[in-house]
Each structure stands twice: as C-alpha cells, then as structure tokens.
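Take a look at the structure below.
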Amino acid sequence: MTAKPARAVTSNQPEVHDDLLQTVRRYQQHAFLKPIADHSKVAFDQAQAQLERWQGPLVLDSCCGVGESTAVLAGRYPEALVIGVDKSAHRLGRNMQHKQLANGREYLLLRADLNDFWRLAAAAQWQPQAHYLLYPNPYPKQKHLVRRWHGSPVFPSFIALGGKVTVRSNWELYIREFALALSAYEKTAQVAALAPQEQPITPFERKYQAAGQSLWELTASLS
Ligand SMILES: C[S@@+](CC[C@H](N)C(=O)[O-])C[C@H]1O[C@@H](n2cnc3c(N)ncnc32)[C@H](O)[C@@H]1O
C-alpha cells in the first residue's frame, strides 16, 4: 500500500498574526511559572550529567521525533555532544533504524517536554553551538498562536539558549512569524526556501518533499 501524499498546511490565518509582537513582548516581560514535570527534570538531569562529563560543544535537536536528524547531526558535528529531545516516547522508540546515519558517533535522545527542558537548560546556562527545530507542529489555527513556539511563554528560554538556530517548516507563515518574533529580541534571521533536491534529514521533510511541497528554512545567530 502506498502512503497518501502529505497535505499542505491550511489555515484560517492568511497573514502574520496580528497579535504576534504583542504576545512575544508580553512573555518577554513575564516569567513562565508552570511547574516543571518530573519526567522532564529526570531527563534534564541525565543530560546535564553527560554534558559535565563531556566538556565540549553541544548541539540540540529539539522536537527530534524519531531522532533521524539527531543521528545525521551527530555525524555532521563530530566534535559535539548532540542531544535530541522529543515528548513522544513512541517516536523516540523508533530511532534504531537511523543509528547508522551517525557514522559511529554517539548521541543522546531524551523524552521531555520542551516547555520544561528549555527552561531548565537556560537556567543552567547551556549554550549550544547550534540548535535545530525541524518541522515543529505548526498549529495553523489562528486561535492557536500561543501553541507555536515563537508565540509561547517558553520562547524567552529558547532565545536565552542562543547558538546558531535552524528552523524548518512547510508553512511559510510559521517561518515568517518566527523571524518577526526574533526581531523583538533584536535578532536578525535569514529566511530561504529549501532547495527541492536537498537530501532530507527527517521523516517529515521526506514526506513533504515527496508531496512536492515548498519547504522553508530560517537561520539566525542568537549568540
Ligand atoms: C511534526 S513532528 C516533527 C518531528 C521531526 N522533527 C521530523 O521532522 O520528522 C513534531 C514533533 O514535535 C514533538 N513535540 C511537540 N510538542 C513538544 C513538546 N512540548 N516537547 C517536546 N516535543 C514536542 C512531537 O512529539 C513531534 O515528534
């Protein structure tokens, strides 16, 4: 049976959200006080212990899904400890088939809620060299702005982590909003279409490419 082609994002929001900058600025000024989940703290402590032993550069792959990109990045950054984080144990459990992409390099996959993990990492003053956020859930309904990472109360922690950030999406508006949210922190982003012949590094990227969708990439230096 052949898989159905991935559907393009549809939204009732035709342009950058009217409330975006106001929302980003509100969270810039207010600490995010939601209690940290126990399982996120356990995962963070494990990562922190490994990082202390490592004493070298760090690369984060947030929303890593099955961790295919984490394995690819481990091969691309042989000098770094590469950590993939996702909240889905089911997805993380399907990583084994991608291990060979790391060219023998070790990497760490953790199950945690990034609403917690980024806060813990920022509080511990982690400074990843690079931070990847590949195909985060777009939450395209207009009313769901605060579910998008750039519209969420955890965004200040994402910014505090710094590093060279790469965000990819099949929803151009998500990337344009992300760039605008960065501008509230006086950070400049570059936005470009991903070349259709780009070798996919995640299952979602592969699925969207196969469906002929345009893909977008934002890069920015937050250091
Ligand atoms: C559309 S998938 C993309 C996965 C992968 N990057 C890819 O391209 O194949 C989005 C991923 O974000 C993860 N995710 C969503 N919200 C999260 C959160 N609060 N904390 C951690 N992971 C989250 C989901 O579990 C899912 O694996």
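Residue numbering restarts at 1 for every chain of the structure tokens, chains are lettered A, B, ... in their displayed order, and ligands are numbered from 1 as they appear.
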Within 9 Å of A:Pro57 using only C-alpha atoms, minus same-chain residues under 2 positions, as a list in words: Leu51, Trp54, Gln55, Val59, Glu79, Ala80, Leu81, Val82, Gln127, Pro128 and Gln129 of chain A
Surrounding residues as a ChimeraX atom specification, ligand 1, max 10 Å, only C-alpha atoms and all ligand atoms: /A:40,61-70,84-92,110-118,132-138,147-149,154,167-170,200-208
Next, dump the selected residues to file, keeping only N, CA and C atoms, as a compact mmCIF listing (two decimals), in the first residue's frame.
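As a result, out.txt now contains:
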# COMPACT_ATOMS: atom_id res chain seq x y z
N SER A 40 10.49 15.46 32.84
CA SER A 40 11.39 16.40 32.13
C SER A 40 12.64 16.67 32.97
N ASP A 61 18.82 19.20 19.18
CA ASP A 61 17.85 18.89 18.12
C ASP A 61 16.49 18.79 18.82
N SER A 62 15.80 19.93 18.89
CA SER A 62 14.53 19.98 19.63
C SER A 62 13.38 19.53 18.73
N CYS A 63 12.42 18.80 19.30
CA CYS A 63 11.33 18.18 18.51
C CYS A 63 11.92 17.19 17.51
N CYS A 64 12.79 16.33 18.00
CA CYS A 64 13.57 15.46 17.10
C CYS A 64 12.76 14.30 16.55
N GLY A 65 11.54 14.07 17.05
CA GLY A 65 10.73 12.97 16.53
C GLY A 65 11.43 11.64 16.72
N VAL A 66 11.63 10.90 15.63
CA VAL A 66 12.28 9.58 15.73
C VAL A 66 13.80 9.71 15.86
N GLY A 67 14.31 10.92 15.79
CA GLY A 67 15.76 11.12 16.01
C GLY A 67 16.60 10.87 14.77
N GLU A 68 15.98 10.83 13.61
CA GLU A 68 16.78 10.66 12.38
C GLU A 68 17.73 11.85 12.22
N SER A 69 17.20 13.06 12.39
CA SER A 69 18.05 14.26 12.26
C SER A 69 19.13 14.27 13.34
N THR A 70 18.81 13.76 14.53
CA THR A 70 19.81 13.74 15.61
C THR A 70 21.01 12.88 15.19
N GLY A 84 19.03 15.01 21.19
CA GLY A 84 17.70 15.14 20.60
C GLY A 84 16.66 15.04 21.71
N VAL A 85 15.67 15.93 21.66
CA VAL A 85 14.62 15.93 22.69
C VAL A 85 13.26 15.90 22.00
N ASP A 86 12.39 15.03 22.48
CA ASP A 86 11.02 14.98 21.99
C ASP A 86 10.13 14.49 23.14
N LYS A 87 8.85 14.87 23.08
CA LYS A 87 7.97 14.45 24.17
C LYS A 87 7.37 13.07 23.91
N SER A 88 7.54 12.55 22.69
CA SER A 88 6.88 11.31 22.33
C SER A 88 7.80 10.09 22.50
N ALA A 89 7.50 9.29 23.50
CA ALA A 89 8.28 8.06 23.73
C ALA A 89 8.12 7.12 22.53
N HIS A 90 6.93 7.14 21.95
CA HIS A 90 6.66 6.26 20.81
C HIS A 90 7.60 6.59 19.65
N ARG A 91 7.73 7.90 19.34
CA ARG A 91 8.61 8.30 18.23
C ARG A 91 10.06 7.98 18.56
N LEU A 92 10.49 8.35 19.77
CA LEU A 92 11.89 8.13 20.14
C LEU A 92 12.25 6.64 20.07
N LEU A 110 16.35 12.06 24.38
CA LEU A 110 15.66 12.19 25.66
C LEU A 110 14.18 12.47 25.45
N ARG A 111 13.39 11.89 26.34
CA ARG A 111 11.96 12.20 26.33
C ARG A 111 11.70 13.28 27.38
N ALA A 112 11.29 14.43 26.88
CA ALA A 112 10.98 15.54 27.81
C ALA A 112 10.05 16.51 27.09
N ASP A 113 9.36 17.29 27.91
CA ASP A 113 8.55 18.39 27.35
C ASP A 113 9.47 19.60 27.22
N LEU A 114 9.57 20.12 26.01
CA LEU A 114 10.48 21.25 25.79
C LEU A 114 10.04 22.50 26.54
N ASN A 115 8.76 22.58 26.92
CA ASN A 115 8.33 23.71 27.75
C ASN A 115 9.06 23.70 29.09
N ASP A 116 9.49 22.51 29.50
CA ASP A 116 10.28 22.38 30.74
C ASP A 116 11.78 22.38 30.42
N PHE A 117 12.14 21.57 29.43
CA PHE A 117 13.56 21.31 29.16
C PHE A 117 14.30 22.60 28.82
N TRP A 118 13.70 23.45 27.97
CA TRP A 118 14.39 24.70 27.60
C TRP A 118 14.56 25.60 28.82
N TYR A 132 18.66 23.08 16.50
CA TYR A 132 17.78 22.73 15.38
C TYR A 132 16.35 22.53 15.88
N LEU A 133 15.40 23.08 15.12
CA LEU A 133 13.98 22.91 15.41
C LEU A 133 13.33 22.61 14.05
N LEU A 134 13.23 21.32 13.76
CA LEU A 134 12.84 20.92 12.40
C LEU A 134 11.39 20.46 12.37
N TYR A 135 10.60 21.19 11.64
CA TYR A 135 9.18 20.86 11.44
C TYR A 135 8.41 20.75 12.76
N PRO A 136 8.50 21.80 13.59
CA PRO A 136 7.64 21.80 14.79
C PRO A 136 6.18 21.80 14.37
N ASN A 137 5.31 21.31 15.23
CA ASN A 137 3.87 21.34 14.90
C ASN A 137 3.47 22.79 14.59
N PRO A 138 2.82 23.03 13.45
CA PRO A 138 2.56 24.42 13.06
C PRO A 138 1.41 25.09 13.82
N ARG A 147 0.36 28.32 20.95
CA ARG A 147 0.92 26.95 20.90
C ARG A 147 2.15 26.89 20.02
N ARG A 148 2.30 27.88 19.11
CA ARG A 148 3.51 27.89 18.27
C ARG A 148 4.67 28.32 19.16
N TRP A 149 5.85 27.78 18.92
CA TRP A 149 6.95 28.05 19.85
C TRP A 149 7.25 29.53 20.00
N VAL A 154 7.44 29.99 26.67
CA VAL A 154 8.79 29.43 26.85
C VAL A 154 9.79 30.04 25.86
N VAL A 167 15.48 26.63 11.88
CA VAL A 167 14.08 26.19 12.00
C VAL A 167 13.58 25.89 10.59
N ARG A 168 12.93 24.77 10.44
CA ARG A 168 12.36 24.43 9.13
C ARG A 168 10.87 24.15 9.28
N SER A 169 10.12 24.51 8.24
CA SER A 169 8.67 24.27 8.25
C SER A 169 8.15 24.17 6.82
N ASN A 170 7.01 23.50 6.69
CA ASN A 170 6.33 23.51 5.38
C ASN A 170 5.26 24.60 5.36
N PRO A 200 16.82 14.88 2.36
CA PRO A 200 16.01 15.03 3.58
C PRO A 200 16.70 14.44 4.81
N ILE A 201 16.54 15.11 5.94
CA ILE A 201 17.17 14.60 7.17
C ILE A 201 16.15 14.25 8.25
N THR A 202 14.87 14.38 7.91
CA THR A 202 13.83 13.93 8.86
C THR A 202 12.71 13.25 8.07
N PRO A 203 11.93 12.40 8.74
CA PRO A 203 10.81 11.76 8.04
C PRO A 203 9.78 12.76 7.52
N PHE A 204 9.53 13.83 8.30
CA PHE A 204 8.55 14.82 7.83
C PHE A 204 9.08 15.55 6.60
N GLU A 205 10.35 15.87 6.61
CA GLU A 205 10.95 16.55 5.45
C GLU A 205 10.80 15.68 4.20
N ARG A 206 11.06 14.39 4.38
CA ARG A 206 10.97 13.44 3.25
C ARG A 206 9.53 13.37 2.72
N LYS A 207 8.61 13.33 3.67
CA LYS A 207 7.18 13.22 3.32
C LYS A 207 6.71 14.48 2.58
N TYR A 208 7.11 15.64 3.05
CA TYR A 208 6.69 16.89 2.40
C TYR A 208 7.35 17.03 1.03
Name the residues in contact with A:Ala123 at a cut-off of 9 Å, using only C-alpha atoms, excluding same-chain residues fewer than 3 positions from it; report them as a compact mmCIF listing (two decimals) with N, CA and C atoms, in the first residue's frame.
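Saved to around_33.txt:
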# COMPACT_ATOMS: atom_id res chain seq x y z
N TRP A 118 13.70 23.45 27.97
CA TRP A 118 14.39 24.70 27.60
C TRP A 118 14.56 25.60 28.82
N ARG A 119 13.54 25.62 29.71
CA ARG A 119 13.68 26.46 30.91
C ARG A 119 14.81 25.95 31.79
N LEU A 120 14.89 24.62 31.95
CA LEU A 120 15.94 24.05 32.79
C LEU A 120 17.32 24.30 32.17
N TRP A 126 23.10 26.63 29.66
CA TRP A 126 23.58 25.89 28.49
C TRP A 126 23.75 26.88 27.33
N SER A 157 13.19 31.43 26.95
CA SER A 157 14.22 30.44 27.30
C SER A 157 14.91 29.92 26.03
N ALA A 160 17.33 32.55 25.19
CA ALA A 160 18.46 32.60 26.13
C ALA A 160 19.48 31.50 25.83
When you look at A:Gln13 with a cut-off of 8 Å (counting only C-alpha atoms), what residues show up, excluding the ones that are within fewer than 3 positions of it in the same chain? I need them as a PDB file with C-alpha atoms, in the first residue's frame.
ATOM      1  CA  VAL A  16       1.357  37.017  10.191  1.00  0.00           C
ATOM      2  CA  HIS A  17      -0.807  37.001  13.321  1.00  0.00           C
ATOM      3  CA  PRO A 140      -2.120  26.779  11.970  1.00  0.00           C
ATOM      4  CA  LYS A 141      -5.469  27.769  13.505  1.00  0.00           C
ATOM      5  CA  GLN A 142      -5.451  31.490  14.162  1.00  0.00           C
TER       6      GLN A 142
END
Separation of atom CA of A:Arg176 from atom CA of A:Gly212, in Å and rounded to one decimal: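 Between these atoms lies a distance of 20.5 Å.
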Each residue of stretch 49-160 of chain A with at least one atom at most 10 Å from stretch 20-28 of chain A should appear once, together with its nearest atom pair and the corresponding distance in Å (one decimal); atoms considered: only C-alpha atoms; ordering: chain, then increasing residue number; output as a tab-separated table.
residue	atom	partner	partner_atom	distance
A:Leu145	CA	A:Leu20	CA	7.6
A:Val146	CA	A:Thr23	CA	7.9
A:His150	CA	A:Val24	CA	7.2
A:Gly151	CA	A:Val24	CA	5.9
A:Ser152	CA	A:Tyr27	CA	7.5
A:Pro153	CA	A:Tyr27	CA	5.2
A:Val154	CA	A:Tyr27	CA	7.9
A:Phe155	CA	A:Tyr27	CA	7.6
A:Pro156	CA	A:Gln28	CA	6.0
A:Ser157	CA	A:Gln28	CA	9.5
Those of stretch 53-216 of chain A in DSSP strand (DSSP E or B), formatted as a ChimeraX atom specification: /A:58-62,81-86,108-111,130-134,164-169,189-193,216
Could you write those residues out with N, CA and C atoms, as a short mmCIF file (atom, residue, chain, number, x, y, z; two decimals), in the first residue's frame?
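Generated file (selection.cif):
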data_model
loop_
_atom_site.label_atom_id
_atom_site.label_comp_id
_atom_site.auth_asym_id
_atom_site.auth_seq_id
_atom_site.Cartn_x
_atom_site.Cartn_y
_atom_site.Cartn_z
N LEU A 58 28.05 21.60 22.31
CA LEU A 58 26.74 20.94 22.41
C LEU A 58 25.90 21.35 21.20
N VAL A 59 25.17 20.41 20.65
CA VAL A 59 24.19 20.70 19.59
C VAL A 59 22.85 20.14 20.05
N LEU A 60 21.80 20.95 19.96
CA LEU A 60 20.46 20.50 20.36
C LEU A 60 19.59 20.27 19.14
N ASP A 61 18.82 19.20 19.18
CA ASP A 61 17.85 18.89 18.12
C ASP A 61 16.49 18.79 18.82
N SER A 62 15.80 19.93 18.89
CA SER A 62 14.53 19.98 19.63
C SER A 62 13.38 19.53 18.73
N LEU A 81 28.61 17.07 21.46
CA LEU A 81 27.60 16.17 22.02
C LEU A 81 26.26 16.61 21.42
N VAL A 82 25.59 15.70 20.73
CA VAL A 82 24.32 16.04 20.09
C VAL A 82 23.19 15.41 20.90
N ILE A 83 22.25 16.26 21.30
CA ILE A 83 21.13 15.79 22.12
C ILE A 83 19.82 16.06 21.40
N GLY A 84 19.03 15.01 21.19
CA GLY A 84 17.70 15.14 20.60
C GLY A 84 16.66 15.04 21.71
N VAL A 85 15.67 15.93 21.66
CA VAL A 85 14.62 15.93 22.69
C VAL A 85 13.26 15.90 22.00
N ASP A 86 12.39 15.03 22.48
CA ASP A 86 11.02 14.98 21.99
C ASP A 86 10.13 14.49 23.14
N LEU A 108 22.58 11.49 22.20
CA LEU A 108 21.66 11.22 23.29
C LEU A 108 20.24 11.60 22.87
N LEU A 109 19.29 10.71 23.13
CA LEU A 109 17.88 11.01 22.85
C LEU A 109 17.12 11.02 24.17
N LEU A 110 16.35 12.06 24.38
CA LEU A 110 15.66 12.19 25.66
C LEU A 110 14.18 12.47 25.45
N ARG A 111 13.39 11.89 26.34
CA ARG A 111 11.96 12.20 26.33
C ARG A 111 11.70 13.28 27.38
N ALA A 130 24.79 24.99 18.20
CA ALA A 130 23.74 25.02 17.19
C ALA A 130 22.47 24.42 17.80
N HIS A 131 21.33 24.94 17.37
CA HIS A 131 20.05 24.48 17.89
C HIS A 131 19.09 24.29 16.71
N TYR A 132 18.66 23.08 16.50
CA TYR A 132 17.78 22.73 15.38
C TYR A 132 16.35 22.53 15.88
N LEU A 133 15.40 23.08 15.12
CA LEU A 133 13.98 22.91 15.41
C LEU A 133 13.33 22.61 14.05
N LEU A 134 13.23 21.32 13.76
CA LEU A 134 12.84 20.92 12.40
C LEU A 134 11.39 20.46 12.37
N LYS A 164 23.53 28.99 16.99
CA LYS A 164 23.06 29.17 15.61
C LYS A 164 21.79 28.34 15.45
N VAL A 165 20.69 29.04 15.23
CA VAL A 165 19.39 28.38 15.21
C VAL A 165 18.98 28.06 13.77
N THR A 166 18.43 26.87 13.57
CA THR A 166 17.87 26.49 12.27
C THR A 166 16.45 25.98 12.51
N VAL A 167 15.48 26.63 11.88
CA VAL A 167 14.08 26.19 12.00
C VAL A 167 13.58 25.89 10.59
N ARG A 168 12.93 24.77 10.44
CA ARG A 168 12.36 24.43 9.13
C ARG A 168 10.87 24.15 9.28
N SER A 169 10.12 24.51 8.24
CA SER A 169 8.67 24.27 8.25
C SER A 169 8.15 24.17 6.82
N ALA A 189 17.08 37.31 11.27
CA ALA A 189 17.03 35.95 10.72
C ALA A 189 17.16 35.99 9.21
N GLN A 190 17.70 34.93 8.65
CA GLN A 190 17.70 34.74 7.20
C GLN A 190 16.64 33.67 6.91
N VAL A 191 15.84 33.95 5.90
CA VAL A 191 14.78 33.00 5.52
C VAL A 191 14.97 32.64 4.06
N ALA A 192 14.91 31.36 3.77
CA ALA A 192 15.07 30.93 2.38
C ALA A 192 14.26 29.67 2.14
N ALA A 193 13.91 29.46 0.89
CA ALA A 193 13.26 28.20 0.52
C ALA A 193 14.34 27.12 0.49
N TRP A 216 10.62 25.67 3.98
CA TRP A 216 11.23 26.95 4.34
C TRP A 216 12.20 26.75 5.48
#
Those of stretch 32-170 of chain A in DSSP alpha helix (DSSP H), formatted as a PyMOL selection string: chain A and resi 38-54+68-76+89-92+114-123+155-161
Once you have the residues from the selection above, write them out as an mmCIF file, in the first residue's frame, restricted to C-alpha atoms.
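Result file follows (again_39.cif):
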data_model
loop_
_atom_site.group_PDB
_atom_site.id
_atom_site.type_symbol
_atom_site.label_atom_id
_atom_site.label_comp_id
_atom_site.auth_asym_id
_atom_site.auth_seq_id
_atom_site.Cartn_x
_atom_site.Cartn_y
_atom_site.Cartn_z
ATOM 1 C CA ASP A 38 9.060 15.277 36.930
ATOM 2 C CA HIS A 39 9.915 13.289 33.788
ATOM 3 C CA SER A 40 11.392 16.395 32.126
ATOM 4 C CA LYS A 41 13.553 17.076 35.192
ATOM 5 C CA VAL A 42 14.814 13.480 35.222
ATOM 6 C CA ALA A 43 15.718 13.728 31.519
ATOM 7 C CA PHE A 44 17.399 17.088 32.008
ATOM 8 C CA ASP A 45 19.481 15.810 34.938
ATOM 9 C CA GLN A 46 20.668 12.922 32.765
ATOM 10 C CA ALA A 47 21.688 15.345 30.011
ATOM 11 C CA GLN A 48 23.370 17.697 32.479
ATOM 12 C CA ALA A 49 25.452 14.848 33.919
ATOM 13 C CA GLN A 50 26.541 13.784 30.442
ATOM 14 C CA LEU A 51 27.349 17.361 29.467
ATOM 15 C CA GLU A 52 29.514 17.816 32.553
ATOM 16 C CA ARG A 53 31.499 14.705 31.635
ATOM 17 C CA TRP A 54 31.698 15.850 28.016
ATOM 18 C CA GLU A 68 16.777 10.661 12.378
ATOM 19 C CA SER A 69 18.052 14.257 12.261
ATOM 20 C CA THR A 70 19.809 13.740 15.609
ATOM 21 C CA ALA A 71 21.800 10.862 14.107
ATOM 22 C CA VAL A 72 22.586 12.908 10.988
ATOM 23 C CA LEU A 73 23.725 15.859 13.124
ATOM 24 C CA ALA A 74 25.912 13.591 15.271
ATOM 25 C CA GLY A 75 27.715 12.649 12.047
ATOM 26 C CA ARG A 76 27.945 16.289 10.935
ATOM 27 C CA ALA A 89 8.283 8.059 23.727
ATOM 28 C CA HIS A 90 6.655 6.258 20.812
ATOM 29 C CA ARG A 91 8.608 8.296 18.228
ATOM 30 C CA LEU A 92 11.891 8.125 20.144
ATOM 31 C CA LEU A 114 10.484 21.248 25.794
ATOM 32 C CA ASN A 115 8.329 23.709 27.755
ATOM 33 C CA ASP A 116 10.282 22.376 30.739
ATOM 34 C CA PHE A 117 13.560 21.314 29.157
ATOM 35 C CA TRP A 118 14.388 24.705 27.602
ATOM 36 C CA ARG A 119 13.684 26.457 30.907
ATOM 37 C CA LEU A 120 15.942 24.051 32.794
ATOM 38 C CA ALA A 121 18.690 24.305 30.174
ATOM 39 C CA ALA A 122 18.532 28.110 30.075
ATOM 40 C CA ALA A 123 18.623 28.275 33.887
ATOM 41 C CA PHE A 155 10.187 31.425 23.919
ATOM 42 C CA PRO A 156 12.425 33.609 26.161
ATOM 43 C CA SER A 157 14.223 30.436 27.296
ATOM 44 C CA PHE A 158 14.720 29.336 23.701
ATOM 45 C CA ILE A 159 16.285 32.748 22.999
ATOM 46 C CA ALA A 160 18.455 32.597 26.132
ATOM 47 C CA LEU A 161 19.965 29.297 24.954
#
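If you look at atom CA of A:Glu198 and atom CA of A:Ser223, they are 26.9 Å away from each other.
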For atom CA of A:Thr219 and atom CA of A:Ile175, the interatomic separation in Å (one decimal):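 Going from atom CA of A:Thr219 over to atom CA of A:Ile175 covers 9.8 Å.
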Residue nearest A:Gly163 among A:Ser221, A:Gln29, A:Ser183, A:Thr10 (counting only C-alpha atoms):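 When distances to A:Gly163 are compared using only C-alpha atoms, the smallest one comes from A:Ser221.
Here the question is which of A:Tyr174, A:Gly162, A:Ala181, A:Met96 gets nearest to A:His144 using only C-alpha atoms, and that residue is A:Tyr174.
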